[in-house]
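Colleague: Provided herewith: target22.cif, mmCIF, C-alpha atoms and all ligand atoms.
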data_protein
loop_
_atom_site.group_PDB
_atom_site.id
_atom_site.type_symbol
_atom_site.label_atom_id
_atom_site.label_comp_id
_atom_site.auth_asym_id
_atom_site.auth_seq_id
_atom_site.Cartn_x
_atom_site.Cartn_y
_atom_site.Cartn_z
ATOM 1 C CA MET A 4 116.120 109.179 131.717
ATOM 2 C CA THR A 5 119.098 111.423 132.414
ATOM 3 C CA GLN A 6 121.239 108.403 131.780
ATOM 4 C CA THR A 7 119.599 107.920 128.369
ATOM 5 C CA LEU A 8 120.487 111.497 127.437
ATOM 6 C CA ASP A 9 124.117 110.798 128.124
ATOM 7 C CA GLN A 10 124.214 107.617 126.122
ATOM 8 C CA PRO A 11 126.015 107.692 122.793
ATOM 9 C CA ALA A 12 123.887 107.624 119.634
ATOM 10 C CA THR A 13 125.065 104.131 118.869
ATOM 11 C CA PRO A 14 125.777 101.243 121.197
ATOM 12 C CA ALA A 15 129.439 101.273 122.175
ATOM 13 C CA THR A 16 130.378 97.722 121.295
ATOM 14 C CA PRO A 17 128.208 95.963 118.690
ATOM 15 C CA ALA A 18 130.162 95.435 115.500
ATOM 16 C CA THR A 19 127.050 94.809 113.412
ATOM 17 C CA PRO A 20 123.385 95.786 113.584
ATOM 18 C CA ALA A 21 122.547 92.120 114.128
ATOM 19 C CA ALA A 22 124.855 92.097 117.140
ATOM 20 C CA ALA A 23 123.140 95.251 118.352
ATOM 21 C CA ALA A 24 119.762 93.521 118.074
ATOM 22 C CA ALA A 25 120.832 90.408 119.913
ATOM 23 C CA GLY A 26 119.912 90.175 123.546
ATOM 24 C CA SER A 27 118.300 93.598 123.920
ATOM 25 C CA ALA A 28 114.672 94.585 124.445
ATOM 26 C CA PRO A 29 112.763 95.452 121.285
ATOM 27 C CA VAL A 30 112.667 99.122 120.354
ATOM 28 C CA ALA A 31 108.979 98.874 119.508
ATOM 29 C CA GLU A 32 106.422 96.195 120.163
ATOM 30 C CA LEU A 33 102.813 96.406 118.968
ATOM 31 C CA ARG A 34 100.136 93.912 119.950
ATOM 32 C CA ALA A 35 96.580 93.870 118.569
ATOM 33 C CA LEU A 36 96.932 97.557 117.870
ATOM 34 C CA ARG A 37 93.916 99.356 116.424
ATOM 35 C CA LYS A 38 93.257 102.924 115.382
ATOM 36 C CA VAL A 39 89.753 104.089 114.642
ATOM 37 C CA TYR A 40 88.911 107.558 113.378
ATOM 38 C CA TYR A 41 85.488 108.705 114.580
ATOM 39 C CA LYS A 42 83.059 111.225 113.157
ATOM 40 C CA PRO A 43 82.082 114.161 115.375
ATOM 41 C CA ASP A 44 78.819 112.327 116.212
ATOM 42 C CA GLY A 45 80.844 109.411 117.640
ATOM 43 C CA SER A 46 80.160 106.962 114.839
ATOM 44 C CA VAL A 47 83.062 105.108 113.228
ATOM 45 C CA MET A 48 84.455 106.898 110.200
ATOM 46 C CA VAL A 49 87.440 104.692 109.332
ATOM 47 C CA GLU A 50 89.107 101.742 111.017
ATOM 48 C CA ALA A 51 92.582 102.676 109.806
ATOM 49 C CA LEU A 52 94.511 99.976 111.749
ATOM 50 C CA ARG A 53 92.614 96.784 112.488
ATOM 51 C CA GLY A 54 94.965 94.672 114.597
ATOM 52 C CA ILE A 55 98.697 95.127 114.087
ATOM 53 C CA ASP A 56 101.220 92.798 115.718
ATOM 54 C CA VAL A 57 104.821 93.684 115.037
ATOM 55 C CA THR A 58 108.141 93.783 116.873
ATOM 56 C CA ILE A 59 111.012 96.018 115.811
ATOM 57 C CA ASN A 60 114.370 95.097 117.289
ATOM 58 C CA ARG A 61 117.434 97.238 117.795
ATOM 59 C CA GLY A 62 119.528 97.749 114.695
ATOM 60 C CA GLU A 63 116.768 96.886 112.231
ATOM 61 C CA TYR A 64 116.179 98.835 109.020
ATOM 62 C CA VAL A 65 112.503 98.521 108.169
ATOM 63 C CA ALA A 66 110.292 99.826 105.374
ATOM 64 C CA ILE A 67 106.541 100.102 105.953
ATOM 65 C CA MET A 68 104.803 99.800 102.613
ATOM 66 C CA GLY A 69 101.270 99.597 101.267
ATOM 67 C CA ALA A 70 98.818 101.251 98.915
ATOM 68 C CA SER A 71 97.505 104.750 99.555
ATOM 69 C CA GLY A 72 95.029 104.611 102.437
ATOM 70 C CA SER A 73 96.358 101.288 103.771
ATOM 71 C CA GLY A 74 97.305 102.881 107.114
ATOM 72 C CA LYS A 75 101.043 103.617 106.777
ATOM 73 C CA SER A 76 100.979 107.183 108.099
ATOM 74 C CA THR A 77 98.491 106.241 110.799
ATOM 75 C CA LEU A 78 100.853 103.488 111.939
ATOM 76 C CA MET A 79 103.898 105.755 111.773
ATOM 77 C CA ASN A 80 102.093 108.458 113.756
ATOM 78 C CA VAL A 81 101.230 105.931 116.464
ATOM 79 C CA LEU A 82 104.772 104.526 116.462
ATOM 80 C CA GLY A 83 106.136 108.071 116.602
ATOM 81 C CA CYS A 84 103.785 108.921 119.542
ATOM 82 C CA LEU A 85 102.263 111.745 117.506
ATOM 83 C CA ASP A 86 98.925 109.974 117.896
ATOM 84 C CA ARG A 87 97.550 107.412 120.331
ATOM 85 C CA PRO A 88 96.069 104.059 119.360
ATOM 86 C CA THR A 89 92.381 103.351 120.016
ATOM 87 C CA ASP A 90 93.347 100.081 121.689
ATOM 88 C CA GLY A 91 96.059 97.456 121.790
ATOM 89 C CA LEU A 92 99.535 97.583 123.269
ATOM 90 C CA TYR A 93 102.501 99.730 122.285
ATOM 91 C CA LEU A 94 105.755 99.272 124.152
ATOM 92 C CA LEU A 95 108.357 101.846 123.131
ATOM 93 C CA ASP A 96 111.804 100.773 124.344
ATOM 94 C CA GLY A 97 110.093 98.520 126.881
ATOM 95 C CA GLN A 98 107.609 101.051 128.280
ATOM 96 C CA ASP A 99 103.853 101.053 127.787
ATOM 97 C CA VAL A 100 103.134 104.439 126.283
ATOM 98 C CA ALA A 101 99.345 104.138 126.671
ATOM 99 C CA ALA A 102 99.728 104.575 130.412
ATOM 100 C CA MET A 103 101.640 107.862 130.117
ATOM 101 C CA SER A 104 100.187 111.343 130.528
ATOM 102 C CA ASP A 105 100.516 113.678 127.538
ATOM 103 C CA ASP A 106 103.472 115.485 129.143
ATOM 104 C CA ASP A 107 105.289 112.281 130.085
ATOM 105 C CA LEU A 108 104.674 110.861 126.626
ATOM 106 C CA SER A 109 106.019 113.966 124.957
ATOM 107 C CA ASN A 110 109.193 113.870 127.089
ATOM 108 C CA TYR A 111 109.656 110.158 126.547
ATOM 109 C CA ARG A 112 109.079 110.575 122.815
ATOM 110 C CA GLY A 113 111.727 113.316 122.720
ATOM 111 C CA LEU A 114 114.252 111.029 124.382
ATOM 112 C CA LYS A 115 113.588 107.925 122.326
ATOM 113 C CA ILE A 116 112.507 108.965 118.836
ATOM 114 C CA GLY A 117 114.021 111.043 116.072
ATOM 115 C CA PHE A 118 111.213 111.819 113.607
ATOM 116 C CA ILE A 119 111.704 112.951 110.007
ATOM 117 C CA PHE A 120 108.832 114.408 108.008
ATOM 118 C CA GLN A 121 108.356 114.260 104.256
ATOM 119 C CA ALA A 122 108.124 118.065 104.099
ATOM 120 C CA PHE A 123 111.212 118.619 106.339
ATOM 121 C CA ASN A 124 109.235 120.960 108.695
ATOM 122 C CA LEU A 125 112.188 123.282 109.350
ATOM 123 C CA ILE A 126 111.735 126.724 110.902
ATOM 124 C CA PRO A 127 112.520 129.243 108.114
ATOM 125 C CA GLN A 128 113.660 132.096 110.384
ATOM 126 C CA LEU A 129 116.319 130.009 112.144
ATOM 127 C CA THR A 130 119.773 129.052 110.895
ATOM 128 C CA ILE A 131 120.320 125.366 110.251
ATOM 129 C CA GLU A 132 122.249 124.918 113.510
ATOM 130 C CA GLU A 133 119.455 126.633 115.446
ATOM 131 C CA ASN A 134 116.934 124.356 113.725
ATOM 132 C CA VAL A 135 118.928 121.274 114.640
ATOM 133 C CA ALA A 136 119.392 122.490 118.225
ATOM 134 C CA THR A 137 115.617 122.986 118.783
ATOM 135 C CA PRO A 138 114.779 119.557 120.300
ATOM 136 C CA LEU A 139 117.585 120.006 122.840
ATOM 137 C CA PHE A 140 115.871 123.149 124.118
ATOM 138 C CA TYR A 141 112.961 120.970 125.271
ATOM 139 C CA GLN A 142 115.438 118.719 127.037
ATOM 140 C CA ARG A 143 116.821 121.754 128.871
ATOM 141 C CA VAL A 144 120.304 121.306 127.444
ATOM 142 C CA PRO A 145 122.257 124.579 127.981
ATOM 143 C CA ARG A 146 122.449 126.806 124.876
ATOM 144 C CA ALA A 147 126.179 126.529 124.261
ATOM 145 C CA GLU A 148 125.990 122.732 124.374
ATOM 146 C CA ARG A 149 122.890 122.749 122.159
ATOM 147 C CA ILE A 150 124.679 124.644 119.411
ATOM 148 C CA GLU A 151 127.845 122.599 119.817
ATOM 149 C CA ARG A 152 125.917 119.336 119.431
ATOM 150 C CA ALA A 153 123.927 120.744 116.494
ATOM 151 C CA ILE A 154 127.118 121.727 114.683
ATOM 152 C CA GLU A 155 128.656 118.320 115.362
ATOM 153 C CA THR A 156 125.541 116.529 114.030
ATOM 154 C CA LEU A 157 125.381 118.748 110.936
ATOM 155 C CA GLY A 158 128.978 117.716 110.268
ATOM 156 C CA LYS A 159 127.913 114.058 110.403
ATOM 157 C CA VAL A 160 125.267 114.586 107.707
ATOM 158 C CA GLY A 161 127.731 116.460 105.483
ATOM 159 C CA LEU A 162 126.555 120.026 106.119
ATOM 160 C CA GLY A 163 129.452 121.339 108.168
ATOM 161 C CA ASP A 164 130.124 123.908 105.432
ATOM 162 C CA ARG A 165 126.591 125.349 105.470
ATOM 163 C CA LEU A 166 126.488 126.698 109.024
ATOM 164 C CA GLY A 167 124.783 130.074 109.391
ATOM 165 C CA HIS A 168 122.505 129.428 106.417
ATOM 166 C CA ARG A 169 118.732 129.384 106.614
ATOM 167 C CA PRO A 170 116.697 126.492 105.207
ATOM 168 C CA ARG A 171 115.536 128.390 102.096
ATOM 169 C CA GLU A 172 119.165 128.859 101.042
ATOM 170 C CA LEU A 173 119.602 125.095 100.777
ATOM 171 C CA SER A 174 118.514 122.489 98.222
ATOM 172 C CA GLY A 175 115.730 120.037 99.049
ATOM 173 C CA GLY A 176 118.212 117.253 99.746
ATOM 174 C CA GLN A 177 120.250 119.519 102.024
ATOM 175 C CA GLN A 178 117.098 120.587 103.875
ATOM 176 C CA GLN A 179 116.226 116.938 104.441
ATOM 177 C CA ARG A 180 119.764 116.437 105.809
ATOM 178 C CA VAL A 181 119.127 119.270 108.276
ATOM 179 C CA ALA A 182 115.893 117.509 109.290
ATOM 180 C CA ILE A 183 117.825 114.256 109.731
ATOM 181 C CA ALA A 184 120.419 116.047 111.864
ATOM 182 C CA ARG A 185 117.587 117.502 113.966
ATOM 183 C CA ALA A 186 116.233 113.969 114.449
ATOM 184 C CA LEU A 187 119.682 112.640 115.410
ATOM 185 C CA VAL A 188 120.844 115.410 117.728
ATOM 186 C CA THR A 189 118.932 113.991 120.721
ATOM 187 C CA ARG A 190 120.690 110.619 120.251
ATOM 188 C CA PRO A 191 117.433 108.698 119.898
ATOM 189 C CA VAL A 192 117.106 104.910 119.992
ATOM 190 C CA VAL A 193 115.112 104.902 116.765
ATOM 191 C CA LEU A 194 114.851 107.073 113.697
ATOM 192 C CA MET A 195 111.375 107.205 112.154
ATOM 193 C CA ALA A 196 110.516 108.774 108.825
ATOM 194 C CA ASP A 197 107.297 109.131 106.813
ATOM 195 C CA GLU A 198 108.199 109.226 103.099
ATOM 196 C CA PRO A 199 111.582 110.921 103.743
ATOM 197 C CA THR A 200 112.456 110.921 100.048
ATOM 198 C CA GLY A 201 108.932 111.730 98.844
ATOM 199 C CA ASN A 202 109.711 115.398 98.099
ATOM 200 C CA LEU A 203 113.096 114.744 96.502
ATOM 201 C CA ASP A 204 114.183 113.845 92.985
ATOM 202 C CA SER A 205 115.507 110.336 92.620
ATOM 203 C CA SER A 206 119.255 111.049 92.791
ATOM 204 C CA THR A 207 118.834 113.316 95.843
ATOM 205 C CA GLY A 208 116.630 110.607 97.339
ATOM 206 C CA GLN A 209 119.348 108.038 96.749
ATOM 207 C CA ALA A 210 121.861 110.276 98.562
ATOM 208 C CA ILE A 211 119.505 110.431 101.566
ATOM 209 C CA LEU A 212 119.184 106.631 101.465
ATOM 210 C CA ASN A 213 122.991 106.362 101.402
ATOM 211 C CA LEU A 214 123.032 108.425 104.582
ATOM 212 C CA PHE A 215 120.369 106.182 106.188
ATOM 213 C CA GLU A 216 122.460 103.179 105.246
ATOM 214 C CA GLU A 217 125.530 104.676 106.935
ATOM 215 C CA LEU A 218 123.468 105.395 110.044
ATOM 216 C CA HIS A 219 122.102 101.856 110.000
ATOM 217 C CA THR A 220 125.605 100.424 109.609
ATOM 218 C CA SER A 221 126.698 102.381 112.664
ATOM 219 C CA GLY A 222 123.893 100.727 114.674
ATOM 220 C CA MET A 223 120.886 103.052 114.354
ATOM 221 C CA THR A 224 117.423 101.489 114.207
ATOM 222 C CA ILE A 225 115.507 102.963 111.264
ATOM 223 C CA LEU A 226 111.844 102.688 110.447
ATOM 224 C CA MET A 227 110.453 104.388 107.402
ATOM 225 C CA VAL A 228 107.225 104.628 105.473
ATOM 226 C CA THR A 229 107.516 104.519 101.727
ATOM 227 C CA HIS A 230 105.239 103.710 98.825
ATOM 228 C CA ASP A 231 108.299 103.407 96.570
ATOM 229 C CA PRO A 232 109.586 99.845 95.952
ATOM 230 C CA VAL A 233 112.996 101.241 94.943
ATOM 231 C CA VAL A 234 113.314 102.787 98.409
ATOM 232 C CA ALA A 235 111.988 99.686 100.205
ATOM 233 C CA GLU A 236 114.424 97.571 98.219
ATOM 234 C CA ARG A 237 117.264 99.157 100.182
ATOM 235 C CA CYS A 238 115.825 98.240 103.595
ATOM 236 C CA LEU A 239 116.447 94.918 105.336
ATOM 237 C CA ARG A 240 112.843 94.208 106.262
ATOM 238 C CA VAL A 241 109.563 95.093 104.593
ATOM 239 C CA VAL A 242 106.263 95.246 106.457
ATOM 240 C CA ARG A 243 103.431 95.659 103.986
ATOM 241 C CA LEU A 244 100.006 96.891 105.052
ATOM 242 C CA LYS A 245 96.714 96.244 103.341
ATOM 243 C CA ASP A 246 93.457 97.774 104.582
ATOM 244 C CA GLY A 247 94.809 98.328 108.090
ATOM 245 C CA LEU A 248 96.316 94.846 108.511
ATOM 246 C CA ILE A 249 99.773 93.402 107.874
ATOM 247 C CA GLU A 250 99.705 91.724 104.476
ATOM 248 C CA TYR A 251 103.261 90.420 104.844
ATOM 249 C CA ASP A 252 106.375 90.983 106.936
ATOM 250 C CA ARG A 253 109.609 89.738 105.450
ATOM 251 C CA GLN A 254 113.350 90.048 105.778
ATOM 252 C CA GLN A 255 115.391 90.695 102.683
ATOM 253 C CA PRO A 256 119.114 90.389 102.095
ATOM 254 C CA GLY A 257 121.204 93.529 102.565
ATOM 255 C CA TYR A 258 121.201 95.990 99.695
ATOM 256 C CA ARG A 259 124.979 96.281 99.626
ATOM 257 C CA GLY A 260 125.351 92.508 99.559
ATOM 258 C CA ARG A 261 122.779 92.206 96.783
ATOM 259 C CA LYS A 262 124.388 95.028 94.826
ATOM 260 C CA ALA A 263 127.844 93.477 95.153
ATOM 261 C CA ALA A 264 126.418 90.092 94.117
ATOM 262 C CA SER A 265 124.762 91.576 91.036
ATOM 263 C CA VAL A 266 127.962 93.422 90.037
ATOM 264 C CA GLN A 267 129.828 90.134 90.430
ATOM 265 C CA ALA A 268 127.170 88.302 88.400
ATOM 266 C CA ASN A 269 127.545 90.903 85.626
ATOM 267 C CA LEU A 270 131.317 90.519 85.689
ATOM 268 C CA ASN A 271 130.933 86.749 85.471
ATOM 269 C CA ALA A 272 128.472 87.129 82.597
ATOM 270 C CA ASN A 273 130.945 89.420 80.787
ATOM 271 C CA ASP A 274 133.719 86.917 81.377
ATOM 272 C CA ALA A 275 131.532 84.168 79.955
ATOM 273 C CA VAL A 276 130.817 86.238 76.849
ATOM 274 C CA GLN A 277 134.419 87.368 76.418
ATOM 275 C CA SER A 278 136.212 84.136 77.113
ATOM 276 C CA PRO A 279 135.646 82.443 73.723
ATOM 277 C CA ALA A 280 137.032 85.546 71.937
ATOM 278 C CA GLN A 281 139.879 85.853 74.423
ATOM 279 C CA SER A 282 140.888 82.276 73.830
ATOM 280 C CA HIS A 283 142.019 83.164 70.257
HETATM 281 N N1 LIG A 301 92.605 112.256 110.678
HETATM 282 C C1 LIG A 301 91.876 111.343 110.025
HETATM 283 N N2 LIG A 301 90.519 111.306 110.165
HETATM 284 C C2 LIG A 301 89.787 110.395 109.533
HETATM 285 N N3 LIG A 301 90.286 109.440 108.739
HETATM 286 C C3 LIG A 301 91.608 109.420 108.536
HETATM 287 C C4 LIG A 301 92.480 110.361 109.173
HETATM 288 N N4 LIG A 301 93.744 110.099 108.799
HETATM 289 C C5 LIG A 301 93.678 109.050 107.971
HETATM 290 N N5 LIG A 301 92.396 108.631 107.820
HETATM 291 C C6 LIG A 301 91.947 107.487 107.021
HETATM 292 O O1 LIG A 301 92.608 106.324 107.506
HETATM 293 C C7 LIG A 301 93.008 105.477 106.426
HETATM 294 C C8 LIG A 301 94.523 105.301 106.454
HETATM 295 O O2 LIG A 301 95.125 106.565 106.159
HETATM 296 P P1 LIG A 301 96.704 106.791 106.137
HETATM 297 O O3 LIG A 301 96.929 108.256 106.035
HETATM 298 O O4 LIG A 301 97.295 106.080 107.302
HETATM 299 O O5 LIG A 301 97.104 106.037 104.798
HETATM 300 P P2 LIG A 301 98.528 105.926 104.074
HETATM 301 O O6 LIG A 301 98.789 104.479 103.892
HETATM 302 O O7 LIG A 301 99.535 106.729 104.778
HETATM 303 O O8 LIG A 301 98.207 106.564 102.635
HETATM 304 P P3 LIG A 301 99.149 107.480 101.652
HETATM 305 O O9 LIG A 301 100.050 106.511 100.944
HETATM 306 O O10 LIG A 301 98.147 108.077 100.727
HETATM 307 O O11 LIG A 301 99.880 108.481 102.479
HETATM 308 C C9 LIG A 301 92.500 106.155 105.160
HETATM 309 O O12 LIG A 301 91.257 105.574 104.824
HETATM 310 C C10 LIG A 301 92.320 107.601 105.562
HETATM 311 O O13 LIG A 301 91.301 108.211 104.818
HETATM 312 MG MG MG A 302 100.656 108.502 104.284
#
Reformat the file's structure so that it appears as structure tokens.
Modeller:
Amino acid sequence: MTQTLDQPATPATPATPAAAAAGSAPVAELRALRKVYYKPDGSVMVEALRGIDVTINRGEYVAIMGASGSGKSTLMNVLGCLDRPTDGLYLLDGQDVAAMSDDDLSNYRGLKIGFIFQAFNLIPQLTIEENVATPLFYQRVPRAERIERAIETLGKVGLGDRLGHRPRELSGGQQQRVAIARALVTRPVVLMADEPTGNLDSSTGQAILNLFEELHTSGMTILMVTHDPVVAERCLRVVRLKDGLIEYDRQQPGYRGRKAASVQANLNANDAVQSPAQSH
């Protein structure tokens, strides 16, 4: 585990996320996973996940979609080790998390997962660098190094000029960047987010998605819940839930590639329209 702490945030060599995915163990593997919520009397209240089989490989950029109540947050909470499944298998970076004690699971979670909440969940009394440094405290990283790494990570998310500020002095988009920096500072193997743009207006949301795309390009595995098709459109894989089951799981071409292709198609269309006039 100490070795994991010292690893860089991104694999040293892979040139592309696909290369990063090739030949390595999956980041997350779920088999026949179920989550049942019980009433206090022990009777079944809701079967929120009814048998999920999914494998997330290194370097993937995945959106989990589905209607309200379909089980997205339940699934993300299980994936993020914030909640345990009722039964089924969950291997996180190759290790069966069901077998771990609460303390071991919480340590392992801290090493492997960077989690981003819709509502940012920053500590208002702390400066942004202290907020970002918090997870390193639990990993017993010395204070000077904690702050140094926090400042470095804030620089990566474009907030190097906001050091010393408290969360309330920042815009919503900037606060979400602080939360992303806090998720990245531990150098996790996977970034998980439940509706990370849900509290942001659309242009601020797009800026956050641009940042996710940069992180993905540099090799980070990203898994996010969204109900918004515009957000899912930018991911490379969409897993859609319906009533606690996977309705479909499909790859889609890269957003940048699609965007470039559509710009090119528009240019071609303009050429086609203009060429008769230009020929005079
Ligand atoms: N703590 C809980 N106790 C009991 N039932 C719950 C609990 N959390 C969620 N549920 C139920 O489990 C089902 C799935 O809920 P979940 O929150 O995962 O849905 P979701 O897809 O995230 O929905 P939304 O898009 O509204 O956030 C729902 O029927 C919900 O009512
Ligand atoms: Mg939800």
Colleague: Around all the atoms of region 43-51 of chain A listed in the file, with 3 Å of room on each side, what axis-aligned box do you get, giving centre and edge lengths in Å to one decimal, as lines of an AutoDock Vina configuration file?
Modeller:
center_x = 85.7
center_y = 108.0
center_z = 113.5
size_x = 19.8
size_y = 18.4
size_z = 14.3
Colleague: Expand the PyMOL selection byres (((not hetatm)) within 9 of (chain A and resi 301)) into the individual residues it matches in the shown file, reporting them as a PyMOL selection string.
Modeller: chain A and resi 38-42+48-52+68-80+197-198+228-230+244-247
Colleague: Counting only C-alpha atoms, what is within 10 Å of region 107-113 of chain A, bar same-chain residues fewer than 4 positions away, as a compact mmCIF listing (two decimals) with C-alpha atoms, in the frame of the given file?
Modeller:
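Written out: selection.txt:
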# COMPACT_ATOMS: atom_id res chain seq x y z
CA MET A 4 116.12 109.18 131.72
CA LEU A 82 104.77 104.53 116.46
CA GLY A 83 106.14 108.07 116.60
CA CYS A 84 103.78 108.92 119.54
CA LEU A 85 102.26 111.74 117.51
CA LEU A 95 108.36 101.85 123.13
CA ASP A 96 111.80 100.77 124.34
CA GLN A 98 107.61 101.05 128.28
CA ASP A 99 103.85 101.05 127.79
CA VAL A 100 103.13 104.44 126.28
CA ALA A 101 99.34 104.14 126.67
CA ALA A 102 99.73 104.58 130.41
CA MET A 103 101.64 107.86 130.12
CA GLY A 117 114.02 111.04 116.07
CA PHE A 118 111.21 111.82 113.61
CA PRO A 138 114.78 119.56 120.30
CA LEU A 139 117.58 120.01 122.84
CA TYR A 141 112.96 120.97 125.27
CA GLN A 142 115.44 118.72 127.04
CA ALA A 186 116.23 113.97 114.45
CA THR A 189 118.93 113.99 120.72
CA ARG A 190 120.69 110.62 120.25
CA PRO A 191 117.43 108.70 119.90
Colleague: Report as a PyMOL selection string the full result of the PyMOL selection byres (((chain A and resi 150) around 12) and not hetatm) when it is applied to this structure.
Modeller: chain A and resi 130-140+144-149+151-157+166-167+185+188
Colleague: What does the file look like for those residues with C-alpha atoms, as a tab-separated table (two decimals), in the frame of the given file?
Modeller:
chain	number	residue	atom	x	y	z
A	130	THR	CA	119.77	129.05	110.90
A	131	ILE	CA	120.32	125.37	110.25
A	132	GLU	CA	122.25	124.92	113.51
A	133	GLU	CA	119.46	126.63	115.45
A	134	ASN	CA	116.93	124.36	113.72
A	135	VAL	CA	118.93	121.27	114.64
A	136	ALA	CA	119.39	122.49	118.22
A	137	THR	CA	115.62	122.99	118.78
A	138	PRO	CA	114.78	119.56	120.30
A	139	LEU	CA	117.58	120.01	122.84
A	140	PHE	CA	115.87	123.15	124.12
A	144	VAL	CA	120.30	121.31	127.44
A	145	PRO	CA	122.26	124.58	127.98
A	146	ARG	CA	122.45	126.81	124.88
A	147	ALA	CA	126.18	126.53	124.26
A	148	GLU	CA	125.99	122.73	124.37
A	149	ARG	CA	122.89	122.75	122.16
A	151	GLU	CA	127.84	122.60	119.82
A	152	ARG	CA	125.92	119.34	119.43
A	153	ALA	CA	123.93	120.74	116.49
A	154	ILE	CA	127.12	121.73	114.68
A	155	GLU	CA	128.66	118.32	115.36
A	156	THR	CA	125.54	116.53	114.03
A	157	LEU	CA	125.38	118.75	110.94
A	166	LEU	CA	126.49	126.70	109.02
A	167	GLY	CA	124.78	130.07	109.39
A	185	ARG	CA	117.59	117.50	113.97
A	188	VAL	CA	120.84	115.41	117.73
Colleague: Using only C-alpha atoms and all ligand atoms, find the one residue out of A:Ala196, A:Val241, A:Leu94, A:Val234 that sits nearest to ligand MG 302 (chain A).
Modeller: A:Ala196
Colleague: Kindly provide, as a PyMOL selection string, the polymer residues lying within 12 Å of (116.1, 112.8, 97.8), counting only C-alpha atoms and using the coordinates exactly as they appear in the file.
Modeller: chain A and resi 121-123+174-180+198-215+234
Colleague: When you draw a straight line from CA of Glu63 (chain A) to CA of Met223 (chain A), how long is it in Å?
Modeller: 7.7 Å
Colleague: Separation of CA of Glu216 (chain A) and CA of Cys238 (chain A), in Å?
Modeller: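 Taking CA of Glu216 (chain A) as the start and CA of Cys238 (chain A) as the end point, the length is 8.4 Å.
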Colleague: I'd like the neighbourhood of Leu218 (chain A) as a list in words, where a residue qualifies if any of its atoms comes within 10 Å (using all atoms listed in the file), though same-chain residues fewer than 6 positions away should be ignored.
Modeller: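 The contact residues come out as Ala12, Thr13, Gly62, Tyr64, Lys159, Val160, Leu187, Leu194, Leu212, Thr224 and Ile225 of chain A.
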Colleague: Restrict the selected residues to C-alpha atoms and save them as a CSV table (one decimal), in the coordinates of the input.
Modeller:
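Below is the file again.csv, written as the result:
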chain,number,residue,atom,x,y,z
A,12,ALA,CA,123.9,107.6,119.6
A,13,THR,CA,125.1,104.1,118.9
A,62,GLY,CA,119.5,97.7,114.7
A,64,TYR,CA,116.2,98.8,109.0
A,159,LYS,CA,127.9,114.1,110.4
A,160,VAL,CA,125.3,114.6,107.7
A,187,LEU,CA,119.7,112.6,115.4
A,194,LEU,CA,114.9,107.1,113.7
A,212,LEU,CA,119.2,106.6,101.5
A,224,THR,CA,117.4,101.5,114.2
A,225,ILE,CA,115.5,103.0,111.3
Colleague: What does the distance between atom MG of ligand MG 302 (chain A) and CA of Ile249 (chain A) come to in Å, to one decimal place?
Modeller: 15.5 Å
Colleague: Do you know which residues the PyMOL selection byres (((chain A and resi 170-172) around 6) and not hetatm) returns on this file, as JSON, numbers by chain?
Modeller: {"A": [127, 169, 173]}
Colleague: I want to know what sits within 6 Å of Glu32 (chain A), based on only C-alpha atoms, with residues of the same chain fewer than 2 positions away left out; could you give that as an MDAnalysis selection string?
Modeller: chainID A and resid 57:58 93:94
Colleague: Within 8 Å of region 252-256 of chain A, counting only C-alpha atoms, which residues qualify if same-chain residues fewer than 4 places away don't, as a PyMOL selection string?
Modeller: chain A and resi 238-243+260-261
Colleague: Taking into account all atoms listed in the file, which residue in the set A:Ala31, A:Val181, A:Leu129, A:Met227 is nearest to ligand MG 302 (chain A)?
Modeller: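 Distance minimum relative to ligand MG 302 (chain A) lands on A:Met227.
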Colleague: With distances taken over all atoms listed in the file, which residue among A:Arg237, A:Ala268, A:Arg61, A:Ile126 lies nearest Gly222 (chain A)?
Modeller: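 Closest candidate: A:Arg61.
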Colleague: Considering all atoms listed in the file, can you say which of A:Pro43, A:Asp231, A:Asp106, A:Arg165 comes closest to ligand MG 302 (chain A)?
Modeller: A:Asp231
Colleague: Name the closest residue to ligand MG 302 (chain A) among the candidates A:Val266, A:Ala28, A:Ala272, A:Ile67; distances are taken between atoms, counting only C-alpha atoms and all ligand atoms.
Modeller: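 For ligand MG 302 (chain A), the nearest of the candidates is A:Ile67.
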Colleague: Since the input is missing atoms, can you rebuild N, CA and C atoms for region 218-224 of chain A and write them as a compact mmCIF listing (two decimals), in the coordinates of the input?
Modeller:
# COMPACT_ATOMS: atom_id res chain seq x y z
N LEU A 218 123.96 105.34 108.66
CA LEU A 218 123.47 105.40 110.04
C LEU A 218 123.11 103.99 110.53
N HIS A 219 122.47 103.23 109.64
CA HIS A 219 122.10 101.86 110.00
C HIS A 219 123.35 101.02 110.27
N THR A 220 124.36 101.18 109.42
CA THR A 220 125.60 100.42 109.61
C THR A 220 126.26 100.77 110.94
N SER A 221 126.08 102.02 111.38
CA SER A 221 126.70 102.38 112.66
C SER A 221 125.80 102.00 113.84
N GLY A 222 124.68 101.30 113.58
CA GLY A 222 123.89 100.73 114.67
C GLY A 222 122.51 101.33 114.88
N MET A 223 122.18 102.39 114.14
CA MET A 223 120.89 103.05 114.35
C MET A 223 119.73 102.17 113.86
N THR A 224 118.66 102.16 114.63
CA THR A 224 117.42 101.49 114.21
C THR A 224 116.63 102.48 113.35
